[in-house]
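*Asks:* The structure file target-v9.cif (mmCIF, C-alpha atoms) is provided below.
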data_model
loop_
_atom_site.label_atom_id
_atom_site.label_comp_id
_atom_site.auth_asym_id
_atom_site.auth_seq_id
_atom_site.Cartn_x
_atom_site.Cartn_y
_atom_site.Cartn_z
CA MET A 1 -33.92 -1.11 -46.62
CA SER A 2 -30.93 -0.13 -44.52
CA THR A 3 -30.48 3.34 -43.16
CA ALA A 4 -27.05 4.86 -42.76
CA MET A 5 -26.37 5.68 -39.15
CA PRO A 6 -24.89 9.06 -38.27
CA ASP A 7 -21.17 9.24 -37.44
CA VAL A 8 -20.82 12.44 -35.47
CA ALA A 9 -17.11 11.94 -34.81
CA ASN A 10 -16.43 11.95 -38.56
CA SER A 11 -19.05 14.36 -39.82
CA SER A 12 -18.95 17.12 -37.20
CA ARG A 13 -16.38 19.75 -36.36
CA ALA A 14 -15.28 20.47 -32.83
CA GLN A 15 -17.35 23.13 -31.09
CA THR A 16 -14.11 24.59 -29.72
CA GLU A 17 -10.97 23.90 -31.75
CA GLY A 18 -7.81 22.63 -30.13
CA LYS A 19 -5.36 19.74 -30.00
CA LEU A 20 -5.58 17.24 -27.13
CA ASP A 21 -2.63 15.37 -25.65
CA TRP A 22 -4.50 12.14 -24.92
CA VAL A 23 -8.01 10.84 -25.55
CA GLY A 24 -9.11 7.28 -24.90
CA MET A 25 -10.41 4.85 -22.31
CA SER A 26 -9.52 3.53 -18.87
CA GLN A 27 -10.74 0.67 -16.68
CA ILE A 28 -10.88 -1.79 -19.61
CA GLU A 29 -10.92 -5.29 -18.14
CA MET A 30 -9.56 -8.13 -20.28
CA PRO A 31 -7.63 -11.37 -19.88
CA ILE A 32 -4.17 -11.01 -21.41
CA MET A 33 -1.56 -13.64 -22.19
CA LEU A 34 1.93 -12.66 -21.00
CA ALA A 35 5.23 -13.98 -22.34
CA PHE A 36 8.36 -12.53 -20.73
CA GLU A 37 11.93 -13.64 -19.97
CA ALA A 38 11.63 -17.01 -21.70
CA GLN A 39 8.91 -18.05 -19.24
CA ALA A 40 5.93 -20.13 -20.28
CA ALA A 41 3.04 -17.88 -21.33
CA SER A 42 0.62 -17.12 -18.51
CA ARG A 43 -2.77 -15.44 -18.49
CA VAL A 44 -3.60 -12.52 -16.19
CA SER A 45 -6.65 -10.39 -15.64
CA ALA A 46 -5.54 -6.93 -16.73
CA ASN A 47 -6.92 -3.47 -16.24
CA ILE A 48 -6.05 -1.47 -19.37
CA GLU A 49 -5.83 2.17 -20.39
CA ALA A 50 -5.69 3.06 -24.10
CA PHE A 51 -5.01 6.51 -25.55
CA VAL A 52 -4.12 8.35 -28.73
CA SER A 53 -3.45 12.03 -29.22
CA LEU A 54 -6.01 14.21 -31.02
CA ASP A 55 -3.76 16.27 -33.27
CA ASP A 56 -6.43 17.61 -35.64
CA PRO A 57 -7.79 20.69 -33.81
CA GLN A 58 -11.03 20.59 -35.82
CA ALA A 59 -11.84 16.90 -35.34
CA LYS A 60 -14.81 16.16 -33.11
CA GLY A 61 -13.19 13.14 -31.49
CA ILE A 62 -11.37 9.82 -31.88
CA HIS A 63 -12.74 6.34 -32.64
CA MET A 64 -12.65 4.69 -29.21
CA SER A 65 -14.19 1.46 -30.46
CA ARG A 66 -11.17 0.94 -32.72
CA LEU A 67 -8.84 1.03 -29.72
CA TYR A 68 -11.04 -1.44 -27.87
CA LEU A 69 -11.17 -3.86 -30.83
CA ILE A 70 -7.37 -3.81 -31.16
CA LEU A 71 -7.06 -4.74 -27.50
CA ASP A 72 -9.77 -7.38 -27.87
CA GLN A 73 -7.81 -8.97 -30.71
CA LEU A 74 -4.69 -9.00 -28.51
CA SER A 75 -6.71 -10.63 -25.73
CA ASN A 76 -8.12 -13.37 -27.97
CA GLU A 77 -5.31 -14.04 -30.42
CA GLY A 78 -2.09 -12.40 -29.28
CA VAL A 79 0.56 -12.40 -26.58
CA LEU A 80 1.73 -9.39 -24.65
CA ASP A 81 5.49 -9.16 -24.97
CA TYR A 82 7.97 -6.55 -26.21
CA ALA A 83 6.93 -7.01 -29.86
CA GLY A 84 3.26 -7.11 -28.91
CA LEU A 85 3.46 -3.72 -27.22
CA HIS A 86 5.00 -2.17 -30.35
CA ARG A 87 2.32 -3.80 -32.49
CA VAL A 88 -0.50 -2.37 -30.38
CA LEU A 89 0.95 1.14 -30.60
CA ASP A 90 1.33 0.80 -34.39
CA GLN A 91 -2.28 -0.30 -34.72
CA PHE A 92 -3.57 2.50 -32.50
CA ILE A 93 -1.93 5.10 -34.74
CA GLU A 94 -2.81 3.34 -38.02
CA SER A 95 -6.46 3.21 -36.95
CA HIS A 96 -6.44 6.99 -36.46
CA GLN A 97 -4.68 8.24 -39.56
CA ASP A 98 -4.87 12.02 -39.98
CA LEU A 99 -6.07 12.30 -36.36
CA SER A 100 -3.28 10.96 -34.16
CA GLU A 101 0.48 10.65 -34.17
CA GLN A 102 1.01 9.59 -30.56
CA ALA A 103 -0.27 6.52 -28.72
CA GLN A 104 -0.13 5.01 -25.25
CA VAL A 105 -1.29 1.78 -23.64
CA ARG A 106 -1.01 0.67 -20.02
CA PHE A 107 -1.63 -2.81 -18.57
CA SER A 108 -2.04 -3.24 -14.79
CA PHE A 109 -2.29 -6.67 -13.17
CA ASP A 110 -1.12 -8.90 -10.34
CA TYR A 111 1.75 -11.17 -11.38
CA HIS A 112 1.80 -14.44 -9.41
CA LEU A 113 5.03 -16.28 -8.74
CA ARG A 114 5.70 -19.54 -6.93
CA ARG A 115 8.18 -18.74 -4.17
CA LYS A 116 10.14 -21.26 -2.13
CA SER A 117 10.36 -20.97 1.65
CA LEU A 118 13.69 -20.14 3.26
CA LEU A 119 14.59 -23.58 4.63
CA SER A 120 11.76 -26.10 4.61
CA GLY A 121 11.42 -26.30 0.83
CA LYS A 122 7.69 -25.51 0.89
CA THR A 123 6.36 -23.30 -1.90
CA GLY A 124 3.49 -20.86 -2.12
CA TRP A 125 2.05 -18.15 -4.34
CA LYS A 126 2.99 -14.50 -4.02
CA ALA A 127 1.22 -11.74 -5.96
CA TYR A 128 3.17 -8.69 -7.13
CA PRO A 129 1.30 -5.63 -8.48
CA VAL A 130 2.72 -4.83 -11.93
CA ALA A 131 2.06 -2.18 -14.56
CA ILE A 132 3.50 -1.93 -18.07
CA THR A 133 3.15 1.31 -20.01
CA ALA A 134 4.18 1.71 -23.66
CA THR A 135 4.19 5.18 -25.21
CA ARG A 136 4.82 6.28 -28.81
CA HIS A 137 5.79 9.96 -28.79
CA GLN A 138 7.48 11.77 -31.67
CA GLN A 139 8.12 8.38 -33.31
CA GLN A 140 10.04 7.19 -30.25
CA THR A 141 8.78 4.28 -28.16
CA THR A 142 9.28 4.15 -24.40
CA ILE A 143 8.43 1.11 -22.29
CA GLU A 144 8.08 1.56 -18.56
CA LEU A 145 7.71 -1.21 -16.00
CA GLU A 146 6.30 -0.66 -12.51
CA VAL A 147 6.33 -3.25 -9.75
CA GLU A 148 5.69 -3.39 -6.00
CA VAL A 149 7.67 -5.80 -3.82
CA PRO A 150 6.87 -6.38 -0.12
CA TYR A 151 9.64 -7.06 2.39
CA SER A 152 10.31 -6.85 6.11
CA SER A 153 12.36 -4.12 7.77
CA THR A 154 13.69 -4.14 11.32
CA CYS A 155 14.62 -0.79 12.89
CA PRO A 156 18.35 -0.46 13.77
CA CYS A 157 17.57 2.05 16.53
CA SER A 158 15.00 -0.27 18.09
CA ALA A 159 17.47 -3.16 17.88
CA ALA A 160 20.15 -1.14 19.70
CA LEU A 161 17.70 -0.10 22.44
CA SER A 162 16.58 -3.72 22.84
CA ARG A 163 20.16 -4.91 23.18
CA GLN A 164 20.76 -2.31 25.89
CA LEU A 165 17.78 -3.58 27.90
CA ILE A 166 19.03 -7.15 27.56
CA GLN A 167 22.47 -6.06 28.80
CA GLN A 168 20.88 -4.34 31.78
CA ALA A 169 18.77 -7.40 32.59
CA PHE A 170 21.87 -9.60 32.39
CA LYS A 171 23.77 -7.34 34.78
CA GLN A 172 20.89 -7.27 37.25
CA GLN A 173 20.56 -11.05 37.12
CA PHE A 174 24.21 -11.96 37.55
CA ALA A 175 25.75 -8.77 39.01
CA ASP A 176 29.50 -9.35 39.39
CA GLU A 177 29.40 -13.09 40.05
CA GLN A 178 31.21 -15.58 37.91
CA VAL A 179 28.74 -17.54 35.77
CA SER A 180 29.16 -20.56 33.56
CA SER A 181 28.45 -20.49 29.86
CA GLU A 182 25.67 -23.02 30.48
CA ALA A 183 23.95 -20.65 32.93
CA VAL A 184 24.17 -17.81 30.40
CA HIS A 185 22.87 -20.14 27.71
CA GLN A 186 19.87 -21.09 29.85
CA TRP A 187 19.17 -17.48 30.81
CA LEU A 188 19.25 -16.26 27.20
CA GLY A 189 16.66 -18.88 26.31
CA SER A 190 14.26 -17.75 29.03
CA SER A 191 11.60 -15.06 28.99
CA GLU A 192 13.67 -13.16 31.57
CA GLY A 193 16.65 -13.15 29.22
CA ILE A 194 15.02 -11.58 26.17
CA VAL A 195 13.27 -8.69 27.86
CA ALA A 196 12.88 -6.63 24.66
CA THR A 197 12.65 -7.21 20.92
CA PRO A 198 13.18 -4.65 18.14
CA HIS A 199 10.15 -3.57 16.17
CA SER A 200 9.85 -4.50 12.51
CA GLN A 201 7.20 -3.89 9.90
CA ARG A 202 5.97 -5.00 6.53
CA SER A 203 7.48 -2.65 3.97
CA ILE A 204 6.90 -2.02 0.28
CA ALA A 205 9.38 -1.12 -2.44
CA GLN A 206 7.74 0.65 -5.38
CA LEU A 207 9.80 0.77 -8.57
CA LYS A 208 9.42 2.41 -11.97
CA VAL A 209 12.04 1.59 -14.59
CA LYS A 210 12.51 2.47 -18.24
CA ILE A 211 13.80 -0.37 -20.36
CA ALA A 212 16.66 0.06 -22.81
CA THR A 213 15.53 -0.40 -26.42
CA GLU A 214 18.33 -2.88 -27.20
CA HIS A 215 17.01 -5.21 -24.48
CA GLN A 216 13.85 -6.52 -26.09
CA ASP A 217 12.28 -8.07 -23.03
CA ILE A 218 10.25 -6.92 -20.05
CA PRO A 219 12.24 -7.98 -16.95
CA ILE A 220 9.38 -8.56 -14.50
CA ILE A 221 10.81 -11.60 -12.75
CA SER A 222 14.44 -10.51 -12.75
CA LEU A 223 13.48 -7.11 -11.32
CA ILE A 224 11.49 -8.73 -8.50
CA ASP A 225 14.40 -11.11 -7.85
CA GLU A 226 16.80 -8.15 -7.82
CA VAL A 227 14.78 -6.33 -5.17
CA GLU A 228 14.36 -9.37 -2.93
CA SER A 229 18.02 -10.33 -3.28
CA SER A 230 19.18 -6.80 -2.45
CA LEU A 231 16.98 -6.34 0.61
CA LYS A 232 17.34 -9.98 1.79
CA THR A 233 14.11 -10.03 3.85
CA PRO A 234 11.32 -10.87 1.37
CA VAL A 235 7.84 -11.49 2.72
CA GLN A 236 7.18 -15.23 2.79
CA ALA A 237 4.34 -17.43 1.48
CA ALA A 238 4.36 -20.99 2.91
CA VAL A 239 6.15 -21.00 6.27
CA LYS A 240 7.19 -23.72 8.75
CA ARG A 241 8.91 -23.06 12.08
CA GLU A 242 12.40 -23.39 10.62
CA ASP A 243 11.47 -20.81 7.98
CA GLU A 244 10.19 -18.40 10.62
CA GLN A 245 13.40 -18.76 12.58
CA GLU A 246 15.49 -18.13 9.48
CA PHE A 247 13.33 -15.11 8.68
CA ALA A 248 14.07 -13.74 12.16
CA ARG A 249 17.80 -14.31 11.59
CA LEU A 250 17.71 -12.50 8.24
CA ASN A 251 15.91 -9.56 9.82
CA GLY A 252 18.48 -9.43 12.61
CA GLN A 253 21.36 -9.47 10.13
CA ASN A 254 19.78 -6.88 7.83
CA LEU A 255 18.64 -4.04 10.07
CA MET A 256 17.35 -1.24 7.84
CA PHE A 257 16.16 2.31 8.02
CA CYS A 258 14.24 3.36 4.92
CA GLU A 259 17.41 5.18 3.82
CA ASP A 260 19.37 1.91 3.94
CA ALA A 261 16.79 0.07 1.83
CA ALA A 262 16.70 2.83 -0.80
CA ARG A 263 20.49 2.89 -1.08
CA ARG A 264 20.67 -0.90 -1.46
CA LEU A 265 18.24 -0.75 -4.35
CA GLN A 266 19.96 2.26 -5.88
CA HIS A 267 23.25 0.35 -5.92
CA SER A 268 21.68 -2.79 -7.45
CA LEU A 269 19.74 -0.97 -10.17
CA ASN A 270 22.71 1.19 -11.15
CA ASN A 271 24.50 -2.03 -12.14
CA ARG A 272 21.78 -3.12 -14.60
CA ALA A 273 22.51 -2.34 -18.26
CA ASP A 274 18.92 -3.12 -19.31
CA LEU A 275 17.52 -0.13 -17.39
CA VAL A 276 17.79 3.37 -18.84
CA ASP A 277 16.34 5.04 -15.78
CA PHE A 278 14.70 4.17 -12.47
CA TRP A 279 12.60 5.65 -9.68
CA VAL A 280 12.34 3.90 -6.32
CA ARG A 281 10.18 4.66 -3.31
CA VAL A 282 10.52 2.53 -0.18
CA ASN A 283 7.71 2.65 2.38
CA HIS A 284 8.27 1.35 5.89
CA LEU A 285 4.77 0.93 7.30
CA GLU A 286 5.78 1.64 10.86
CA SER A 287 4.59 -0.41 13.81
CA LEU A 288 5.98 2.10 16.34
CA HIS A 289 3.82 5.02 15.23
CA ALA A 290 0.93 5.74 12.89
CA HIS A 291 2.92 7.47 10.16
CA ASP A 292 5.23 5.76 7.71
CA ALA A 293 8.93 6.23 6.95
CA VAL A 294 9.60 6.89 3.27
CA SER A 295 12.68 7.31 1.09
CA VAL A 296 12.82 8.08 -2.65
CA VAL A 297 15.77 7.73 -5.01
CA THR A 298 16.24 8.06 -8.77
CA LYS A 299 19.04 7.23 -11.16
CA GLY A 300 19.66 10.95 -11.53
CA ILE A 301 20.05 11.25 -15.29
CA GLU A 302 19.31 14.46 -17.16
CA GLN A 303 15.62 14.75 -18.08
CA GLY A 304 14.96 11.47 -16.29
CA TYR A 305 12.69 10.62 -13.39
CA SER A 306 12.40 13.23 -10.68
CA ALA A 307 12.01 12.43 -6.99
CA HIS A 308 8.46 13.81 -6.90
#
Using structure tokens, write down the structure from this file.
*Replies:*
Amino acid sequence: MSTAMPDVANSSRAQTEGKLDWVGMSQIEMPIMLAFEAQAASRVSANIEAFVSLDDPQAKGIHMSRLYLILDQLSNEGVLDYAGLHRVLDQFIESHQDLSEQAQVRFSFDYHLRRKSLLSGKTGWKAYPVAITATRHQQQTTIELEVEVPYSSTCPCSAALSRQLIQQAFKQQFADEQVSSEAVHQWLGSSEGIVATPHSQRSIAQLKVKIATEHQDIPIISLIDEVESSLKTPVQAAVKREDEQEFARLNGQNLMFCEDAARRLQHSLNNRADLVDFWVRVNHLESLHAHDAVSVVTKGIEQGYSAH
């Protein structure tokens, strides 16, 4: 003889009445199949947050297991793409009829890409932290993509100071005598010739973008490519000596304060029709001192991202 189990969420009223913006779960770990930008589907280990609003002020709570089972079905049978995000939001709300009208889901994961070296042709894996958030609010769906891209930045001020020291060393070495180009060539290749080098540091560009509804794709790869192409000094994976030398050349030809990096990205992202809005923070993790140099820029649209 079976005994009906109590369902407090359905049978009880809230002790204190009131609507709640979001109720749900975080730190849900699941494998998810991704399919973006006509790439072959790939599986990632995702950390997921799932929420619905609690619009009935008298309801005790939501049905969290229903949210989990919808995500579990996506993990086992579905693919996370633009249509899949809309489907999950629909199912969240349908599973909470009379309780919820808003829904949100967020997937965080590392996206691995094979990246070719600068000259040698070697390839290696690079991992980019990515987050995708889909929100259904007042029957409008917003999809936001976040990505972090590492790069190298060489300080223009440090480069100028280094050049000055090299000039001074040259003058001390040769004074006013006439020297051949071969002697200068030999001196520049010696440890006495390069008496100073500019400081550079690993830097990180953090981006948040909102995707235009008419562009039904999540531009993970193209956004990463855009950042690396704009800044021109991407952190490398597999490296041979010729790649390291080319990396040094690129750094020397692309001296950047954090302000320069932010403006480069601002210019590139402003030219993309698939992005409704963007927020960019560049972090230069300084090697000269213990604090970092930071610059933040937004697209600047009304009611869009703020700089905070």
*Asks:* Can you build me a table of segment 106-223 of chain A residues sitting at most 9 Å from segment 286-302 of chain A, with the closest atom pair per residue and its distance in Å to one decimal, using only C-alpha atoms, sorted by chain and residue number, as a Markdown table?
*Replies:*
| residue | atom | partner | partner_atom | distance |
| --- | --- | --- | --- | --- |
| A:His199 | CA | A:Ser287 | CA | 6.8 |
| A:Ser200 | CA | A:Ser287 | CA | 6.8 |
| A:Gln201 | CA | A:Glu286 | CA | 5.8 |
| A:Arg202 | CA | A:Glu286 | CA | 7.9 |
| A:Ser203 | CA | A:Glu286 | CA | 8.3 |
*Asks:* Decode the PyMOL selection byres ((chain A and resi 107-113) around 10) for the given file into explicit residues and return them as a PyMOL selection string.
*Replies:* chain A and resi 27-32+34+42-50+80+105-106+114-116+123-134+145-148+220-221+224
*Asks:* With only C-alpha atoms as the basis for distance, which of A:Glu214, A:Glu182, A:Asp21, A:Asp55 is at the shortest distance from Val276 of chain A?
*Replies:* A:Glu214
*Asks:* Go through A:Ser268, A:Gln216, A:Gln253, A:Gln206 and flag the residue nearest Tyr82 of chain A, using only C-alpha atoms for the distances.
*Replies:* A:Gln216
*Asks:* Which residues would end up in the selection if the PyMOL selection byres ((chain A and resi 226) around 12) were applied here, given that I need the answer as a list in words?
*Replies:*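 When the PyMOL selection byres ((chain A and resi 226) around 12) is applied to the shown file, the picked residues are Val147, Val149, Ala205, Leu207, Pro219, Ile220, Ile221, Ser222, Leu223, Ile224, Asp225, Val227, Glu228, Ser229, Ser230, Leu231, Lys232, Pro234, Arg264, Leu265, Gln266, His267, Ser268, Leu269, Asn270, Asn271 and Arg272 of chain A.
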*Asks:* Just want the 7 Å neighbourhood of Asp56 of chain A, counted on only C-alpha atoms, with same-chain residues fewer than 2 positions away dropped. Output as an MDAnalysis selection string.
*Replies:* chainID A and resid 19 54 58:59 99
*Asks:* Do you know which residues the PyMOL selection byres ((chain A and resi 66) around 12) returns on this file, as number ranges by chain?
*Replies:* A: 24-25, 50-52, 62-65, 67-73, 88, 91-97
*Asks:* Any idea what the distance is between atom CA of Cys258 of chain A and atom CA of Asn283 of chain A?
*Replies:*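 It comes out at 7.0 Å.
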*Asks:* Quick one: distance from atom CA of Leu119 of chain A to atom CA of Ala238 of chain A in Å, one decimal?
*Replies:*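 Between atom CA of Leu119 of chain A and atom CA of Ala238 of chain A the gap works out to 10.7 Å.
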